[in-house]
Amino acid sequence: MVDQNPQAIYLSPPPSAADGGGASKGGGFLGLFQMGRPKLRVTSEFDSESSVFFNRISCKLLDNLAKLKLTFQNDSKGEVLEPQVFLTSKFLSVQYDVEESDALLKASFEIVPGLQFRAAHEVKARQGEVAMVADLGSPAYKLELASALPAVGMPRATLKFPLGEVSLEEKEEEEEEQKRGLSVNAIVKSHVLDGVCTARYSEENVELRYAYKDEQMTLVPSISLPSNALSCAFKRRFSPSDKLSYLYNFDTNNWSAVYKHTVGKEYKFKAGYDAEVRLGWASLWVGDEDGKAKTAPFKMKVQLMLQVPQDDIKSSALMFRVKKRWDI
């Protein structure tokens with residue numbers, strides 16, 4: 001659940017409209033040298049189940065050309081765990097793991113209109129991937145060629161089109177390590193009978209899914225082949241604030257149900273039961289569950305959850321999560 005500038009001080013007098021310097025936002029190139037402290041955004045979340053604080057500190061740099069972010073955790077002893085530093089911009093991003101002394105570098109830019117270049121490199125493992133993405137006549141049709149570094153076999157080729165995509169990749173056969181075969185992955189979507197039918201093919205498995213949705217009802221049957229695993233999801237909206245969701249797996253006879261009641265965007269009550277783990281639960285959200293803390297009242301989100309195991313009611317547990325944001 002865990003999720004700007006003071007007045008600038010110029011090194012020289014600010015440009016005026018008379019000399020054309022005030023035409024661009026931030027004073028053009030000189031805006032990069034404005035001496036204003038970036039505004040910090042600090043977000044902290046506490047989860048009572050793990051007794052861990054999840055923290056994030058971020059700010060924008062160079063007139064929003066780049067973003068710097070620090071994330072870390074604090075356990076019950078106050079120790080700092082998993083510190084990571086992120087620096088992101090339009091063309092380049094760096095993720096640095098302090099404990100592992102490792103970095104992940106990513107770059108992406110357009111070489112010419114309709115031709116995109118991407119690259120990723122993991123410093124410690126000395127491996128990565130490079131890719132080229134080209135438009136085929138229009139942005140709706142794309143061809144992507146991607147290769148691992150160091151290169152092993154032929155590049156992975158992916159053709160994307162309005163109804164889906166098909167990917168071809170060379171992989172080692174499980175039985176014979178020296179032999180390499182061609183792996184095919186595909187996804188195709190199409191509108192059928194006022195709904196959307198989706199077919200996925202991966203690793204010799206096929207998943208067929210149909211989704212029908214209107215203002216009051218959603219119906220999603222799906223089947224996997226060759227396992228013949230059949231399931232059906234059903235949602236019914238009784239009013240703008242009340243909805244019931246139900247999922248049944250025919251191959252295992254497991255089912256789950258969730259009832260949701262909302263009051264505006266800031267308050268939500270949910271209750272449900274999961275037959276697979278034999279657990280009933282109820283949850284109360286203050287603040288938009290799917291939104292960010294900055295949009296919640298007082299920039300804070302709170303969740304209270306009660307879990308009741310069917311086989312051991314005495315071990316019921318009340319948990320909570322709190323997420324708070326400060327703009328400094």
# chains A, B, ... in the order shown; residues from 1 in each chain; ligands from 1
call {"tool": "select_by_dssp", "arguments": {"residues": "region 37-200 of chain A", "states": "strand (DSSP E or B)", "output": "VMD selection string"}}
result
chain A and resid 41 to 47 52 to 61 66 to 74 80 to 89 92 to 97 102 to 112 115 to 122 127 to 136 138 to 149 156 to 161 164 to 172 180 to 192 195 to 200
call {"tool": "residues_around", "arguments": {"residues": "Lys299 (chain A)", "least_positions_apart": "4", "cutoff": "7 Å", "atoms": "only C-alpha atoms", "output": "VMD selection string"}}
result
chain A and resid 293 to 295 324 to 325
call {"tool": "write_last_selection", "arguments": {"atoms": "C-alpha atoms", "output": "PDB file, in the first residue's frame"}}
result
ATOM      1  CA  ALA A 293      -1.636   8.719  -0.638  1.00  0.00           C
ATOM      2  CA  LYS A 294      -1.420  12.290  -1.981  1.00  0.00           C
ATOM      3  CA  THR A 295      -5.095  12.145  -3.039  1.00  0.00           C
ATOM      4  CA  LYS A 324       1.370   8.543   5.075  1.00  0.00           C
ATOM      5  CA  ARG A 325       2.938  11.092   2.730  1.00  0.00           C
TER       6      ARG A 325
END
call {"tool": "residues_around", "arguments": {"residues": "region 113-118 of chain A", "least_positions_apart": "2", "cutoff": "7 Å", "atoms": "only C-alpha atoms", "output": "JSON list (two decimals) with N, CA, C and O atoms, in the first residue's frame"}}
result
[["chain", "number", "residue", "atom", "x", "y", "z"],
["A", 107, "ALA", "N", 18.35, 2.02, -20.83],
["A", 107, "ALA", "CA", 18.33, 3.16, -21.74],
["A", 107, "ALA", "C", 17.29, 2.92, -22.82],
["A", 107, "ALA", "O", 17.08, 1.78, -23.25],
["A", 108, "SER", "N", 16.66, 3.98, -23.27],
["A", 108, "SER", "CA", 15.66, 3.88, -24.33],
["A", 108, "SER", "C", 15.57, 5.22, -25.05],
["A", 108, "SER", "O", 15.45, 6.26, -24.40],
["A", 109, "PHE", "N", 15.65, 5.19, -26.37],
["A", 109, "PHE", "CA", 15.53, 6.41, -27.13],
["A", 109, "PHE", "C", 15.15, 6.08, -28.57],
["A", 109, "PHE", "O", 15.31, 4.94, -29.03],
["A", 110, "GLU", "N", 14.65, 7.09, -29.29],
["A", 110, "GLU", "CA", 14.23, 6.93, -30.68],
["A", 110, "GLU", "C", 15.39, 7.33, -31.59],
["A", 110, "GLU", "O", 15.87, 8.47, -31.54],
["A", 111, "ILE", "N", 15.85, 6.39, -32.42],
["A", 111, "ILE", "CA", 16.95, 6.67, -33.34],
["A", 111, "ILE", "C", 16.48, 7.58, -34.47],
["A", 111, "ILE", "O", 17.07, 8.63, -34.74],
["A", 130, "VAL", "N", 19.59, -6.11, -25.43],
["A", 130, "VAL", "CA", 19.41, -4.98, -26.35],
["A", 130, "VAL", "C", 18.25, -5.31, -27.27],
["A", 130, "VAL", "O", 18.02, -6.48, -27.61],
["A", 131, "ALA", "N", 17.50, -4.29, -27.68],
["A", 131, "ALA", "CA", 16.32, -4.52, -28.52],
["A", 131, "ALA", "C", 16.12, -3.34, -29.46],
["A", 131, "ALA", "O", 16.42, -2.20, -29.13],
["A", 132, "MET", "N", 15.58, -3.65, -30.63],
["A", 132, "MET", "CA", 15.19, -2.64, -31.62],
["A", 132, "MET", "C", 13.72, -2.86, -31.94],
["A", 132, "MET", "O", 13.30, -4.00, -32.19],
["A", 133, "VAL", "N", 12.95, -1.78, -31.94],
["A", 133, "VAL", "CA", 11.52, -1.85, -32.23],
["A", 133, "VAL", "C", 11.23, -0.93, -33.40],
["A", 133, "VAL", "O", 11.52, 0.28, -33.34],
["A", 134, "ALA", "N", 10.67, -1.48, -34.47],
["A", 134, "ALA", "CA", 10.40, -0.70, -35.68],
["A", 134, "ALA", "C", 8.92, -0.73, -36.02],
["A", 134, "ALA", "O", 8.26, -1.78, -35.91],
["A", 135, "ASP", "N", 8.38, 0.42, -36.41],
["A", 135, "ASP", "CA", 7.01, 0.49, -36.90],
["A", 135, "ASP", "C", 6.96, -0.08, -38.31],
["A", 135, "ASP", "O", 7.83, 0.18, -39.14]]
call {"tool": "closest_residue", "arguments": {"among": "A:Trp281, A:Gly128, A:Lys301, A:Cys232", "to": "Ala317 (chain A)", "atoms": "only C-alpha atoms"}}
result
A:Trp281
call {"tool": "residues_around", "arguments": {"residues": "Glu207 (chain A)", "least_positions_apart": "6", "cutoff": "9 Å", "atoms": "only C-alpha atoms", "output": "list in words"}}
result
Thr198, Ala199, Arg200, Tyr201, Ser222, Ile223, Ser224 and Leu225 of chain A
call {"tool": "write_last_selection", "arguments": {"atoms": "C-alpha atoms", "output": "PDB file, in the first residue's frame"}}
result
ATOM      1  CA  THR A 198      -8.670 -13.936 -25.731  1.00  0.00           C
ATOM      2  CA  ALA A 199      -6.483 -16.866 -26.743  1.00  0.00           C
ATOM      3  CA  ARG A 200      -2.991 -17.349 -25.284  1.00  0.00           C
ATOM      4  CA  TYR A 201      -0.427 -19.914 -26.384  1.00  0.00           C
ATOM      5  CA  SER A 222     -11.881 -19.556 -19.076  1.00  0.00           C
ATOM      6  CA  ILE A 223     -10.321 -22.932 -19.852  1.00  0.00           C
ATOM      7  CA  SER A 224      -6.710 -24.130 -20.063  1.00  0.00           C
ATOM      8  CA  LEU A 225      -5.607 -26.889 -22.421  1.00  0.00           C
TER       9      LEU A 225
END
call {"tool": "residues_around", "arguments": {"residues": "region 52-59 of chain A", "least_positions_apart": "2", "cutoff": "7 Å", "atoms": "only C-alpha atoms", "output": "number ranges by chain"}}
result
A: 2, 38-47, 50, 61, 67-76
call {"tool": "residues_around", "arguments": {"residues": "Leu306 (chain A)", "least_positions_apart": "4", "cutoff": "10 Å", "atoms": "only C-alpha atoms", "output": "JSON, numbers by chain"}}
result
{"A": [271, 280, 281, 282, 283, 284, 316, 317, 318, 319, 320]}
call {"tool": "residues_around", "arguments": {"residues": "His121 (chain A)", "least_positions_apart": "2", "cutoff": "6 Å", "atoms": "only C-alpha atoms", "output": "list in words"}}
result
Leu104, Leu105, Gln127 and Gly128 of chain A
call {"tool": "write_last_selection", "arguments": {"atoms": "all heavy atoms", "output": "PDB file, in the first residue's frame"}}
result
ATOM      1  N   LEU A 104      21.531  -1.723 -12.010  1.00  0.00           N
ATOM      2  CA  LEU A 104      20.810  -2.088 -13.221  1.00  0.00           C
ATOM      3  C   LEU A 104      20.636  -0.814 -14.044  1.00  0.00           C
ATOM      4  O   LEU A 104      20.026   0.152 -13.590  1.00  0.00           O
ATOM      5  CB  LEU A 104      19.448  -2.695 -12.887  1.00  0.00           C
ATOM      6  CG  LEU A 104      18.542  -3.031 -14.078  1.00  0.00           C
ATOM      7  CD1 LEU A 104      19.185  -4.081 -14.971  1.00  0.00           C
ATOM      8  CD2 LEU A 104      17.172  -3.514 -13.592  1.00  0.00           C
ATOM      9  N   LEU A 105      21.177  -0.821 -15.253  1.00  0.00           N
ATOM     10  CA  LEU A 105      21.122   0.341 -16.134  1.00  0.00           C
ATOM     11  C   LEU A 105      20.142   0.065 -17.269  1.00  0.00           C
ATOM     12  O   LEU A 105      20.173  -1.010 -17.868  1.00  0.00           O
ATOM     13  CB  LEU A 105      22.501   0.645 -16.714  1.00  0.00           C
ATOM     14  CG  LEU A 105      23.660   0.717 -15.726  1.00  0.00           C
ATOM     15  CD1 LEU A 105      24.961   0.964 -16.459  1.00  0.00           C
ATOM     16  CD2 LEU A 105      23.430   1.803 -14.683  1.00  0.00           C
ATOM     17  N   GLN A 127      25.417  -9.127 -17.558  1.00  0.00           N
ATOM     18  CA  GLN A 127      24.486  -9.589 -18.582  1.00  0.00           C
ATOM     19  C   GLN A 127      23.405  -8.544 -18.786  1.00  0.00           C
ATOM     20  O   GLN A 127      23.200  -7.669 -17.952  1.00  0.00           O
ATOM     21  CB  GLN A 127      23.857 -10.926 -18.183  1.00  0.00           C
ATOM     22  CG  GLN A 127      23.020 -10.866 -16.916  1.00  0.00           C
ATOM     23  CD  GLN A 127      22.474 -12.223 -16.518  1.00  0.00           C
ATOM     24  OE1 GLN A 127      22.992 -13.251 -16.931  1.00  0.00           O
ATOM     25  NE2 GLN A 127      21.426 -12.229 -15.720  1.00  0.00           N
ATOM     26  N   GLY A 128      22.741  -8.639 -19.927  1.00  0.00           N
ATOM     27  CA  GLY A 128      21.709  -7.663 -20.221  1.00  0.00           C
ATOM     28  C   GLY A 128      20.958  -8.030 -21.482  1.00  0.00           C
ATOM     29  O   GLY A 128      20.927  -9.197 -21.901  1.00  0.00           O
TER      30      GLY A 128
END
call {"tool": "decode", "arguments": {"residues": "region 34-52 of chain A", "atoms": "N, CA, C and O atoms", "output": "tab-separated table (two decimals), in the first residue's frame"}}
result
chain	number	residue	atom	x	y	z
A	34	GLN	N	18.96	27.08	-11.87
A	34	GLN	CA	18.25	27.74	-10.78
A	34	GLN	C	18.61	27.06	-9.47
A	34	GLN	O	18.66	25.84	-9.38
A	35	MET	N	18.86	27.87	-8.44
A	35	MET	CA	19.33	27.35	-7.16
A	35	MET	C	18.17	27.24	-6.18
A	35	MET	O	18.12	27.95	-5.17
A	36	GLY	N	17.20	26.43	-6.47
A	36	GLY	CA	16.12	26.19	-5.55
A	36	GLY	C	16.18	24.75	-5.06
A	36	GLY	O	16.46	23.85	-5.81
A	37	ARG	N	15.97	24.55	-3.76
A	37	ARG	CA	16.01	23.19	-3.23
A	37	ARG	C	14.82	22.40	-3.74
A	37	ARG	O	13.68	22.86	-3.62
A	38	PRO	N	15.04	21.24	-4.33
A	38	PRO	CA	13.90	20.43	-4.80
A	38	PRO	C	12.99	20.06	-3.63
A	38	PRO	O	13.45	19.82	-2.51
A	39	LYS	N	11.72	20.02	-3.91
A	39	LYS	CA	10.76	19.65	-2.88
A	39	LYS	C	10.77	18.14	-2.70
A	39	LYS	O	10.65	17.39	-3.66
A	40	LEU	N	10.92	17.70	-1.46
A	40	LEU	CA	10.99	16.27	-1.16
A	40	LEU	C	9.60	15.71	-0.91
A	40	LEU	O	8.75	16.35	-0.28
A	41	ARG	N	9.39	14.49	-1.41
A	41	ARG	CA	8.17	13.75	-1.12
A	41	ARG	C	8.55	12.51	-0.33
A	41	ARG	O	9.29	11.64	-0.81
A	42	VAL	N	8.09	12.43	0.89
A	42	VAL	CA	8.43	11.34	1.80
A	42	VAL	C	7.18	10.51	2.05
A	42	VAL	O	6.15	11.03	2.48
A	43	THR	N	7.27	9.21	1.77
A	43	THR	CA	6.14	8.30	1.99
A	43	THR	C	6.59	7.16	2.88
A	43	THR	O	7.65	6.57	2.65
A	44	SER	N	5.81	6.87	3.91
A	44	SER	CA	6.13	5.78	4.83
A	44	SER	C	4.89	4.93	5.05
A	44	SER	O	3.78	5.46	5.19
A	45	GLU	N	5.09	3.62	5.03
A	45	GLU	CA	3.98	2.67	5.24
A	45	GLU	C	4.37	1.65	6.29
A	45	GLU	O	5.50	1.13	6.28
A	46	PHE	N	3.45	1.38	7.20
A	46	PHE	CA	3.68	0.36	8.23
A	46	PHE	C	2.68	-0.76	8.06
A	46	PHE	O	1.48	-0.54	7.92
A	47	ASP	N	3.20	-2.01	8.08
A	47	ASP	CA	2.38	-3.21	7.97
A	47	ASP	C	2.51	-3.98	9.28
A	47	ASP	O	3.59	-4.45	9.64
A	48	SER	N	1.40	-4.11	10.01
A	48	SER	CA	1.45	-4.76	11.32
A	48	SER	C	1.76	-6.26	11.21
A	48	SER	O	2.29	-6.85	12.15
A	49	GLU	N	1.42	-6.88	10.07
A	49	GLU	CA	1.67	-8.31	9.92
A	49	GLU	C	3.17	-8.61	9.89
A	49	GLU	O	3.63	-9.58	10.48
A	50	SER	N	3.94	-7.79	9.21
A	50	SER	CA	5.38	-8.00	9.13
A	50	SER	C	6.16	-7.11	10.08
A	50	SER	O	7.37	-7.29	10.26
A	51	SER	N	5.48	-6.14	10.71
A	51	SER	CA	6.13	-5.18	11.63
A	51	SER	C	7.30	-4.48	10.96
A	51	SER	O	8.37	-4.31	11.55
A	52	VAL	N	7.10	-4.09	9.72
A	52	VAL	CA	8.15	-3.44	8.93
A	52	VAL	C	7.62	-2.12	8.38
A	52	VAL	O	6.47	-2.03	7.95
